[in-house]
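**Q** Got entry23.pdb for you, PDB, C-alpha atoms:
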```
ATOM      1  CA  MET A 973     111.096 116.612  97.861  1.00  0.00           C
ATOM      2  CA  ARG A 974     111.977 117.707 101.404  1.00  0.00           C
ATOM      3  CA  LEU A 975     111.685 114.841 103.886  1.00  0.00           C
ATOM      4  CA  PRO A 976     110.292 115.407 107.390  1.00  0.00           C
ATOM      5  CA  GLN A 977     113.005 115.424 110.029  1.00  0.00           C
ATOM      6  CA  SER A 978     111.080 112.773 111.923  1.00  0.00           C
ATOM      7  CA  PHE A 979     111.972 110.178 109.303  1.00  0.00           C
ATOM      8  CA  ILE A 980     114.391 107.582 110.604  1.00  0.00           C
ATOM      9  CA  LEU A 981     116.162 106.029 107.683  1.00  0.00           C
ATOM     10  CA  PHE A 982     115.991 102.435 108.718  1.00  0.00           C
ATOM     11  CA  VAL A 983     114.223 100.225 106.209  1.00  0.00           C
ATOM     12  CA  SER A 984     112.462  97.005 107.068  1.00  0.00           C
ATOM     13  CA  THR A 985     111.396  94.887 104.138  1.00  0.00           C
ATOM     14  CA  LEU A 986     108.846  92.147 103.886  1.00  0.00           C
ATOM     15  CA  PHE A 987     108.542  90.182 100.659  1.00  0.00           C
ATOM     16  CA  LEU A 988     105.591  87.846 100.274  1.00  0.00           C
ATOM     17  CA  SER A 989     105.302  85.300  97.475  1.00  0.00           C
ATOM     18  CA  PRO A 990     101.916  83.636  96.997  1.00  0.00           C
ATOM     19  CA  PRO A 991     100.762  81.065  96.182  1.00  0.00           C
ATOM     20  CA  ASN A 992     103.380  78.717  97.580  1.00  0.00           C
ATOM     21  CA  CYS A 993     104.207  80.543 100.757  1.00  0.00           C
ATOM     22  CA  VAL A 994     103.952  83.736 102.742  1.00  0.00           C
ATOM     23  CA  CYS A 995     107.576  84.202 103.672  1.00  0.00           C
ATOM     24  CA  LEU A 996     110.454  86.568 104.244  1.00  0.00           C
ATOM     25  CA  ASP A 997     112.771  86.984 101.279  1.00  0.00           C
ATOM     26  CA  ASP A 998     116.493  87.593 101.734  1.00  0.00           C
ATOM     27  CA  GLU A 999     116.480  90.105  98.871  1.00  0.00           C
ATOM     28  CA  PHE A1000     117.059  93.663 100.092  1.00  0.00           C
ATOM     29  CA  PRO A1001     115.840  96.640  98.049  1.00  0.00           C
ATOM     30  CA  SER A1002     118.359  98.847  96.316  1.00  0.00           C
ATOM     31  CA  VAL A1003     119.135 102.318  97.639  1.00  0.00           C
ATOM     32  CA  GLU A1004     117.266 103.825  94.684  1.00  0.00           C
ATOM     33  CA  GLU A1005     114.203 101.660  95.257  1.00  0.00           C
ATOM     34  CA  SER A1006     114.220 102.399  98.990  1.00  0.00           C
ATOM     35  CA  PHE A1007     114.496 106.128  98.331  1.00  0.00           C
ATOM     36  CA  ASN A1008     111.556 106.013  95.908  1.00  0.00           C
ATOM     37  CA  TYR A1009     109.324 104.544  98.601  1.00  0.00           C
ATOM     38  CA  LEU A1010     110.738 106.877 101.215  1.00  0.00           C
ATOM     39  CA  GLN A1011     109.602 109.743  98.988  1.00  0.00           C
ATOM     40  CA  LEU A1012     106.106 108.251  98.808  1.00  0.00           C
ATOM     41  CA  SER A1013     106.059 107.926 102.595  1.00  0.00           C
ATOM     42  CA  ALA A1014     106.940 111.631 102.816  1.00  0.00           C
ATOM     43  CA  LEU A1015     104.468 112.611 100.090  1.00  0.00           C
ATOM     44  CA  ILE A1016     101.454 111.342 101.996  1.00  0.00           C
ATOM     45  CA  TYR A1017     102.311 113.703 104.874  1.00  0.00           C
ATOM     46  CA  GLU A1018     102.464 116.581 102.399  1.00  0.00           C
ATOM     47  CA  LEU A1019      99.083 115.663 100.926  1.00  0.00           C
ATOM     48  CA  LYS A1020      97.561 115.350 104.370  1.00  0.00           C
ATOM     49  CA  ARG A1021      98.858 118.778 105.395  1.00  0.00           C
ATOM     50  CA  GLY A1022      97.871 120.372 102.103  1.00  0.00           C
ATOM     51  CA  THR A1023     101.400 121.358 101.051  1.00  0.00           C
ATOM     52  CA  THR A1024     101.098 119.260  97.880  1.00  0.00           C
ATOM     53  CA  ASP A1025      98.051 119.297  95.603  1.00  0.00           C
ATOM     54  CA  LEU A1026      96.279 115.997  94.948  1.00  0.00           C
ATOM     55  CA  ASP A1027      95.880 117.038  91.325  1.00  0.00           C
ATOM     56  CA  HIS A1028      99.586 117.724  90.821  1.00  0.00           C
ATOM     57  CA  LEU A1029     101.537 114.746  92.076  1.00  0.00           C
ATOM     58  CA  PRO A1030     105.276 114.644  91.318  1.00  0.00           C
ATOM     59  CA  GLY A1031     106.670 112.764  88.327  1.00  0.00           C
ATOM     60  CA  ASP A1032     104.315 110.382  86.590  1.00  0.00           C
ATOM     61  CA  LEU A1033     102.465 109.283  89.730  1.00  0.00           C
ATOM     62  CA  VAL A1034      98.786 108.496  89.169  1.00  0.00           C
ATOM     63  CA  LEU A1035      96.426 108.639  92.152  1.00  0.00           C
ATOM     64  CA  HIS A1036      93.903 105.794  92.354  1.00  0.00           C
ATOM     65  CA  LEU A1037      92.655 106.214  95.919  1.00  0.00           C
ATOM     66  CA  TYR A1038      93.080 108.828  98.610  1.00  0.00           C
ATOM     67  CA  GLU A1039      91.296 109.032 101.922  1.00  0.00           C
ATOM     68  CA  ASP A1040      91.896 110.784 105.201  1.00  0.00           C
ATOM     69  CA  ARG A1041      89.439 109.428 107.729  1.00  0.00           C
ATOM     70  CA  PRO A1042      89.940 110.174 111.442  1.00  0.00           C
ATOM     71  CA  VAL A1043      89.427 106.545 112.445  1.00  0.00           C
ATOM     72  CA  ASN A1044      91.822 105.072 109.861  1.00  0.00           C
ATOM     73  CA  ASP A1045      94.145 108.019 109.261  1.00  0.00           C
ATOM     74  CA  CYS A1046      95.513 108.801 105.808  1.00  0.00           C
ATOM     75  CA  ALA A1047      96.137 106.270 103.032  1.00  0.00           C
ATOM     76  CA  MET A1048      96.487 106.334  99.274  1.00  0.00           C
ATOM     77  CA  VAL A1049      97.098 104.090  96.279  1.00  0.00           C
ATOM     78  CA  VAL A1050      99.365 105.423  93.530  1.00  0.00           C
ATOM     79  CA  SER A1051     101.059 103.937  90.480  1.00  0.00           C
ATOM     80  CA  SER A1052     104.025 104.857  88.305  1.00  0.00           C
ATOM     81  CA  GLU A1053     104.352 103.732  84.696  1.00  0.00           C
ATOM     82  CA  SER A1054     108.050 104.556  84.535  1.00  0.00           C
ATOM     83  CA  SER A1055     108.916 102.698  87.748  1.00  0.00           C
ATOM     84  CA  LYS A1056     106.374  99.916  87.159  1.00  0.00           C
ATOM     85  CA  PHE A1057     104.762  99.816  90.581  1.00  0.00           C
ATOM     86  CA  ILE A1058     101.434 100.275  92.273  1.00  0.00           C
ATOM     87  CA  ALA A1059     101.776 101.182  95.929  1.00  0.00           C
ATOM     88  CA  ALA A1060      99.549 101.431  98.981  1.00  0.00           C
ATOM     89  CA  VAL A1061     100.957 104.236 101.123  1.00  0.00           C
ATOM     90  CA  PHE A1062     100.090 104.910 104.769  1.00  0.00           C
ATOM     91  CA  SER A1063     100.868 107.956 106.910  1.00  0.00           C
ATOM     92  CA  GLY A1064     102.355 107.813 110.386  1.00  0.00           C
ATOM     93  CA  SER A1065     101.270 109.134 113.749  1.00  0.00           C
ATOM     94  CA  ASP A1066     100.484 112.856 113.798  1.00  0.00           C
ATOM     95  CA  THR A1067      96.921 113.121 115.125  1.00  0.00           C
ATOM     96  CA  ALA A1068      95.242 112.233 118.424  1.00  0.00           C
ATOM     97  CA  ASN A1069      93.550 109.206 116.835  1.00  0.00           C
ATOM     98  CA  ASP A1070      96.874 107.957 115.521  1.00  0.00           C
ATOM     99  CA  PHE A1071      98.381 108.014 118.984  1.00  0.00           C
ATOM    100  CA  LEU A1072      95.335 106.188 120.333  1.00  0.00           C
ATOM    101  CA  HIS A1073      96.039 103.434 117.777  1.00  0.00           C
ATOM    102  CA  ASP A1074      99.649 103.357 118.979  1.00  0.00           C
ATOM    103  CA  LEU A1075      98.554 103.044 122.609  1.00  0.00           C
ATOM    104  CA  GLU A1076      96.331 100.006 121.997  1.00  0.00           C
ATOM    105  CA  VAL A1077      99.315  97.828 122.798  1.00  0.00           C
ATOM    106  CA  LYS A1078      97.495  94.603 123.604  1.00  0.00           C
ATOM    107  CA  PHE A1079      97.442  91.886 120.962  1.00  0.00           C
ATOM    108  CA  SER A1080      94.490  90.463 119.028  1.00  0.00           C
ATOM    109  CA  THR A1081      93.932  88.013 116.204  1.00  0.00           C
ATOM    110  CA  PHE A1082      95.013  89.163 112.755  1.00  0.00           C
ATOM    111  CA  GLY A1083      92.219  90.566 110.585  1.00  0.00           C
ATOM    112  CA  PRO A1084      88.601  91.663 111.122  1.00  0.00           C
ATOM    113  CA  THR A1085      87.228  90.783 114.552  1.00  0.00           C
ATOM    114  CA  ASP A1086      84.302  88.800 113.133  1.00  0.00           C
ATOM    115  CA  ASP A1087      86.287  87.083 110.379  1.00  0.00           C
ATOM    116  CA  PRO A1088      90.016  86.836 111.224  1.00  0.00           C
ATOM    117  CA  ILE A1089      92.521  86.203 108.461  1.00  0.00           C
ATOM    118  CA  ASN A1090      94.392  83.934 110.854  1.00  0.00           C
ATOM    119  CA  GLU A1091      92.954  83.413 114.338  1.00  0.00           C
ATOM    120  CA  ASP A1092      96.093  81.572 115.481  1.00  0.00           C
ATOM    121  CA  VAL A1093      98.454  84.563 115.257  1.00  0.00           C
ATOM    122  CA  LEU A1094      98.460  87.810 117.209  1.00  0.00           C
ATOM    123  CA  VAL A1095      99.142  91.376 116.086  1.00  0.00           C
ATOM    124  CA  HIS A1096      99.074  94.839 117.680  1.00  0.00           C
ATOM    125  CA  THR A1097      95.396  95.638 118.358  1.00  0.00           C
ATOM    126  CA  GLY A1098      95.601  99.338 117.474  1.00  0.00           C
ATOM    127  CA  PHE A1099      97.252  98.763 114.105  1.00  0.00           C
ATOM    128  CA  ASN A1100      94.895  95.876 113.346  1.00  0.00           C
ATOM    129  CA  ASN A1101      91.842  97.984 114.214  1.00  0.00           C
ATOM    130  CA  ALA A1102      92.998 100.843 111.997  1.00  0.00           C
ATOM    131  CA  MET A1103      93.314  98.428 109.074  1.00  0.00           C
ATOM    132  CA  PHE A1104      90.357  96.086 109.567  1.00  0.00           C
ATOM    133  CA  ASN A1105      87.868  97.100 112.232  1.00  0.00           C
ATOM    134  CA  TYR A1106      86.944 100.759 111.798  1.00  0.00           C
ATOM    135  CA  GLY A1107      84.188 100.379 109.223  1.00  0.00           C
ATOM    136  CA  ASN A1108      82.630  96.955 108.849  1.00  0.00           C
ATOM    137  CA  ASN A1109      83.554  93.585 107.434  1.00  0.00           C
ATOM    138  CA  THR A1110      82.506  94.600 103.925  1.00  0.00           C
ATOM    139  CA  ASP A1111      83.924  98.133 103.991  1.00  0.00           C
ATOM    140  CA  ASN A1112      87.172  98.656 105.853  1.00  0.00           C
ATOM    141  CA  LEU A1113      90.481 100.227 104.902  1.00  0.00           C
ATOM    142  CA  PHE A1114      92.014  96.924 103.850  1.00  0.00           C
ATOM    143  CA  ASP A1115      89.081  96.090 101.551  1.00  0.00           C
ATOM    144  CA  ARG A1116      89.055  99.531  99.947  1.00  0.00           C
ATOM    145  CA  ILE A1117      92.771  99.422  99.162  1.00  0.00           C
ATOM    146  CA  LYS A1118      92.592  95.816  97.963  1.00  0.00           C
ATOM    147  CA  GLU A1119      89.724  96.731  95.625  1.00  0.00           C
ATOM    148  CA  SER A1120      91.646  99.734  94.279  1.00  0.00           C
ATOM    149  CA  ILE A1121      94.733  97.651  93.487  1.00  0.00           C
ATOM    150  CA  GLU A1122      92.717  94.857  91.912  1.00  0.00           C
ATOM    151  CA  SER A1123      90.772  97.353  89.796  1.00  0.00           C
ATOM    152  CA  PHE A1124      94.056  98.750  88.515  1.00  0.00           C
ATOM    153  CA  PHE A1125      95.147  95.350  87.234  1.00  0.00           C
ATOM    154  CA  ASP A1126      91.690  94.357  86.003  1.00  0.00           C
ATOM    155  CA  ASP A1127      91.058  97.583  84.101  1.00  0.00           C
ATOM    156  CA  ASP A1128      94.452  97.950  82.467  1.00  0.00           C
ATOM    157  CA  GLU A1129      95.449  94.279  82.178  1.00  0.00           C
ATOM    158  CA  ILE A1130      98.886  95.155  83.498  1.00  0.00           C
ATOM    159  CA  GLU A1131     100.978  92.233  84.666  1.00  0.00           C
ATOM    160  CA  ASP A1132     104.514  93.555  85.122  1.00  0.00           C
ATOM    161  CA  TYR A1133     103.948  96.072  87.924  1.00  0.00           C
ATOM    162  CA  ASP A1134     105.315  95.489  91.429  1.00  0.00           C
ATOM    163  CA  VAL A1135     102.789  95.628  94.283  1.00  0.00           C
ATOM    164  CA  VAL A1136     104.212  97.426  97.304  1.00  0.00           C
ATOM    165  CA  ALA A1137     102.887  98.684 100.630  1.00  0.00           C
ATOM    166  CA  THR A1138     104.901 101.411 102.312  1.00  0.00           C
ATOM    167  CA  GLY A1139     104.765 103.930 105.124  1.00  0.00           C
ATOM    168  CA  HIS A1140     106.521 105.459 108.093  1.00  0.00           C
ATOM    169  CA  SER A1141     105.978 104.732 111.806  1.00  0.00           C
ATOM    170  CA  LEU A1142     102.285 103.810 112.250  1.00  0.00           C
ATOM    171  CA  GLY A1143     102.139 103.715 108.441  1.00  0.00           C
ATOM    172  CA  ALA A1144     105.021 101.245 108.399  1.00  0.00           C
ATOM    173  CA  ALA A1145     103.084  98.945 110.708  1.00  0.00           C
ATOM    174  CA  THR A1146      99.851  99.136 108.722  1.00  0.00           C
ATOM    175  CA  SER A1147     101.787  98.640 105.481  1.00  0.00           C
ATOM    176  CA  GLN A1148     103.011  95.288 106.775  1.00  0.00           C
ATOM    177  CA  LEU A1149      99.499  94.208 107.748  1.00  0.00           C
ATOM    178  CA  MET A1150      98.304  95.302 104.299  1.00  0.00           C
ATOM    179  CA  ALA A1151     101.014  93.331 102.494  1.00  0.00           C
ATOM    180  CA  VAL A1152     100.512  90.169 104.537  1.00  0.00           C
ATOM    181  CA  GLY A1153      96.728  90.350 104.263  1.00  0.00           C
ATOM    182  CA  LEU A1154      96.815  90.987 100.521  1.00  0.00           C
ATOM    183  CA  ALA A1155      99.280  88.186  99.842  1.00  0.00           C
ATOM    184  CA  GLU A1156      97.212  85.788 101.929  1.00  0.00           C
ATOM    185  CA  ALA A1157      93.970  86.795 100.178  1.00  0.00           C
ATOM    186  CA  TRP A1158      95.504  86.437  96.726  1.00  0.00           C
ATOM    187  CA  SER A1159      96.981  83.048  97.568  1.00  0.00           C
ATOM    188  CA  HIS A1160      93.418  81.662  97.543  1.00  0.00           C
ATOM    189  CA  GLU A1161      92.301  83.425  94.354  1.00  0.00           C
ATOM    190  CA  GLU A1162      91.204  81.551  91.242  1.00  0.00           C
ATOM    191  CA  ASN A1163      92.843  84.329  89.216  1.00  0.00           C
ATOM    192  CA  GLU A1164      96.288  82.936  88.328  1.00  0.00           C
ATOM    193  CA  SER A1165      97.921  86.339  87.866  1.00  0.00           C
ATOM    194  CA  ARG A1166      96.917  87.371  91.392  1.00  0.00           C
ATOM    195  CA  ARG A1167      98.023  84.073  92.913  1.00  0.00           C
ATOM    196  CA  SER A1168     101.467  84.474  91.360  1.00  0.00           C
ATOM    197  CA  LYS A1169     101.871  88.159  92.212  1.00  0.00           C
ATOM    198  CA  LYS A1170     104.527  89.048  94.788  1.00  0.00           C
ATOM    199  CA  VAL A1171     103.495  91.630  97.373  1.00  0.00           C
ATOM    200  CA  SER A1172     106.178  93.630  99.195  1.00  0.00           C
ATOM    201  CA  SER A1173     106.307  95.974 102.134  1.00  0.00           C
ATOM    202  CA  ILE A1174     109.197  98.433 102.150  1.00  0.00           C
ATOM    203  CA  ASN A1175     108.705 100.536 105.242  1.00  0.00           C
ATOM    204  CA  PHE A1176     110.459 102.945 107.562  1.00  0.00           C
ATOM    205  CA  ALA A1177     110.862 103.097 111.365  1.00  0.00           C
ATOM    206  CA  SER A1178     108.276 100.412 112.028  1.00  0.00           C
ATOM    207  CA  PRO A1179     107.179  99.576 115.567  1.00  0.00           C
ATOM    208  CA  LEU A1180     106.521  95.990 116.611  1.00  0.00           C
ATOM    209  CA  VAL A1181     103.581  94.665 114.574  1.00  0.00           C
ATOM    210  CA  GLY A1182     102.979  91.120 115.821  1.00  0.00           C
ATOM    211  CA  ASP A1183     104.104  88.479 118.262  1.00  0.00           C
ATOM    212  CA  ILE A1184     106.326  85.492 117.569  1.00  0.00           C
ATOM    213  CA  SER A1185     103.393  83.477 116.197  1.00  0.00           C
ATOM    214  CA  PHE A1186     102.808  86.129 113.521  1.00  0.00           C
ATOM    215  CA  LYS A1187     106.499  86.152 112.613  1.00  0.00           C
ATOM    216  CA  ILE A1188     106.659  82.365 112.318  1.00  0.00           C
ATOM    217  CA  TRP A1189     103.476  82.228 110.236  1.00  0.00           C
ATOM    218  CA  VAL A1190     104.713  84.874 107.820  1.00  0.00           C
ATOM    219  CA  GLU A1191     108.042  83.057 107.437  1.00  0.00           C
ATOM    220  CA  THR A1192     106.793  79.509 107.116  1.00  0.00           C
ATOM    221  CA  SER A1193     103.131  79.194 106.195  1.00  0.00           C
ATOM    222  CA  GLU A1194     102.228  77.559 102.877  1.00  0.00           C
ATOM    223  CA  GLU A1195      99.086  77.643 100.775  1.00  0.00           C
TER     224      GLU A1195
END
```
So, in terms of structure tokens, how does the structure I just supplied come out?

**A**
Amino acid sequence: MRLPQSFILFVSTLFLSPPNCVCLDDEFPSVEESFNYLQLSALIYELKRGTTDLDHLPGDLVLHLYEDRPVNDCAMVVSSESSKFIAAVFSGSDTANDFLHDLEVKFSTFGPTDDPINEDVLVHTGFNNAMFNYGNNTDNLFDRIKESIESFFDDDEIEDYDVVATGHSLGAATSQLMAVGLAEAWSHEENESRRSKKVSSINFASPLVGDISFKIWVETSEE
């Protein structure tokens, strides 16, 4: 797969381990693992531009969700049986709406405006709005992706798949919000398999997502 020249091959990783904590892990992904997710981050651009067919994804990728809404931009959920992962993938900035998200540089509480995930930490308003606030509290991008991932595990009773959020640029930022939000939501689940599931974000060329309070919370908060 040909990668867009705009890709900057710096990888930031965020590993979240509910239920005991939402924290950074010192484990760094392998080159092979990083390249796999880099390919997914490139693939979503190809799907968005129509250069790859949704019905003919490479390898054994299975598409569970795909949407390209102007207010949220492009996102998908795919899984691979051979690589044992299900991934939420987000595209980066390449439309006018994307750049408007980027330019909303003030900070706001993390999560939906009317029901914050954590009202004591601050994140980039544009990225937060793209994930949580363009829709409504019962139907936003975060909820749709969360439901897709949970349906995958519920329908197939699969326990040994990794859960990863990935993306480039704006997509890298939203992938981190997705991973943190999902890990936090699952940490309060009655479902034991969800509570024990690790959620990771392996992302590329990410801008600043949150302030120091967000960083400290992600590193240190406990259930």

**Q** Could you check how far CA of Val1190 in chain A sits from CA of Asp1132 in chain A, in Å to one decimal?

**A**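 So the two atoms, CA of Val1190 in chain A and CA of Asp1132 in chain A, lie 24.3 Å apart.
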
**Q** I need the output of the PyMOL selection byres ((chain A and resi 1088) around 12) for this file as a list in words; which residues are they?

**A** Ser1080, Thr1081, Phe1082, Gly1083, Pro1084, Thr1085, Asp1086, Asp1087, Ile1089, Asn1090, Glu1091, Asp1092, Val1093, Leu1094, Val1095, Asn1100, Asn1101, Phe1104, Asn1105, Asn1109, Gly1153, Glu1156 and Ala1157 of chain A

**Q** CA of Ser1052 in chain A to CA of Val1181 in chain A: how many Å, to one decimal?

**A**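 Separating CA of Ser1052 in chain A from CA of Val1181 in chain A is a distance of 28.2 Å.
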
**Q** Calculate how many Å separate CA of Val1135 in chain A from CA of Leu1033 in chain A, rounding to one decimal.

**A**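 If I compute the distance from CA of Val1135 in chain A to CA of Leu1033 in chain A, I get 14.4 Å.
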
**Q** Could you expand the PyMOL selection byres ((chain A and resi 1145) around 12) into the explicit residues it covers here, written as a PyMOL selection string?

**A** chain A and resi 984-986+1061-1065+1070+1073-1074+1095-1103+1137-1144+1146-1152+1173-1182

**Q** Evaluate the PyMOL selection byres ((chain A and resi 1021-1025) around 12) on the structure here and hand back the selected residues as a list in words.

**A**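 Selected by the PyMOL selection byres ((chain A and resi 1021-1025) around 12) in this file: Met973, Arg974, Ala1014, Leu1015, Ile1016, Tyr1017, Glu1018, Leu1019, Lys1020, Leu1026, Asp1027, His1028, Leu1029, Pro1030, Leu1035, Tyr1038, Asp1040, Cys1046, Ser1063, Asp1066 and Thr1067 of chain A.
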
**Q** How big is the axis-aligned box, and where does its centre sit, when it encloses all atoms of range 1021-1039 of chain A listed in the file and has 8 Å added on every side, reported in Å to one decimal as lines of an AutoDock Vina configuration file?

**A**
```
center_x = 99.0
center_y = 113.6
center_z = 96.0
size_x = 31.4
size_y = 31.6
size_z = 34.8
```

**Q** Glu1039 in chain A: which residues within 10 Å, counting only C-alpha atoms, same-chain residues fewer than 5 positions away excluded, as a compact mmCIF listing (two decimals) with C-alpha atoms, in the coordinates of the input?

**A**
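Listing of around.txt after writing:
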```txt
# COMPACT_ATOMS: atom_id res chain seq x y z
CA LYS A 1020 97.56 115.35 104.37
CA ASN A 1044 91.82 105.07 109.86
CA ASP A 1045 94.14 108.02 109.26
CA CYS A 1046 95.51 108.80 105.81
CA ALA A 1047 96.14 106.27 103.03
CA MET A 1048 96.49 106.33 99.27
CA VAL A 1049 97.10 104.09 96.28
CA LEU A 1113 90.48 100.23 104.90
CA ARG A 1116 89.06 99.53 99.95
```

**Q** May I ask which of the residues A:Glu1122, A:Asp1115, A:Asp1032, A:Glu1004 is the closest one to Asn1163 in chain A, counting only C-alpha atoms?

**A**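 Of the candidates, the smallest distance to Asn1163 in chain A is held by A:Glu1122.
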
**Q** Considering only C-alpha atoms, state which residue in the set A:Ser1185, A:Ser1172, A:Thr1192, A:Ser1051 is at the smallest distance from Phe1000 in chain A.

**A**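 Comparing A:Ser1185, A:Ser1172, A:Thr1192, A:Ser1051 against Phe1000 in chain A, the winner is A:Ser1172.
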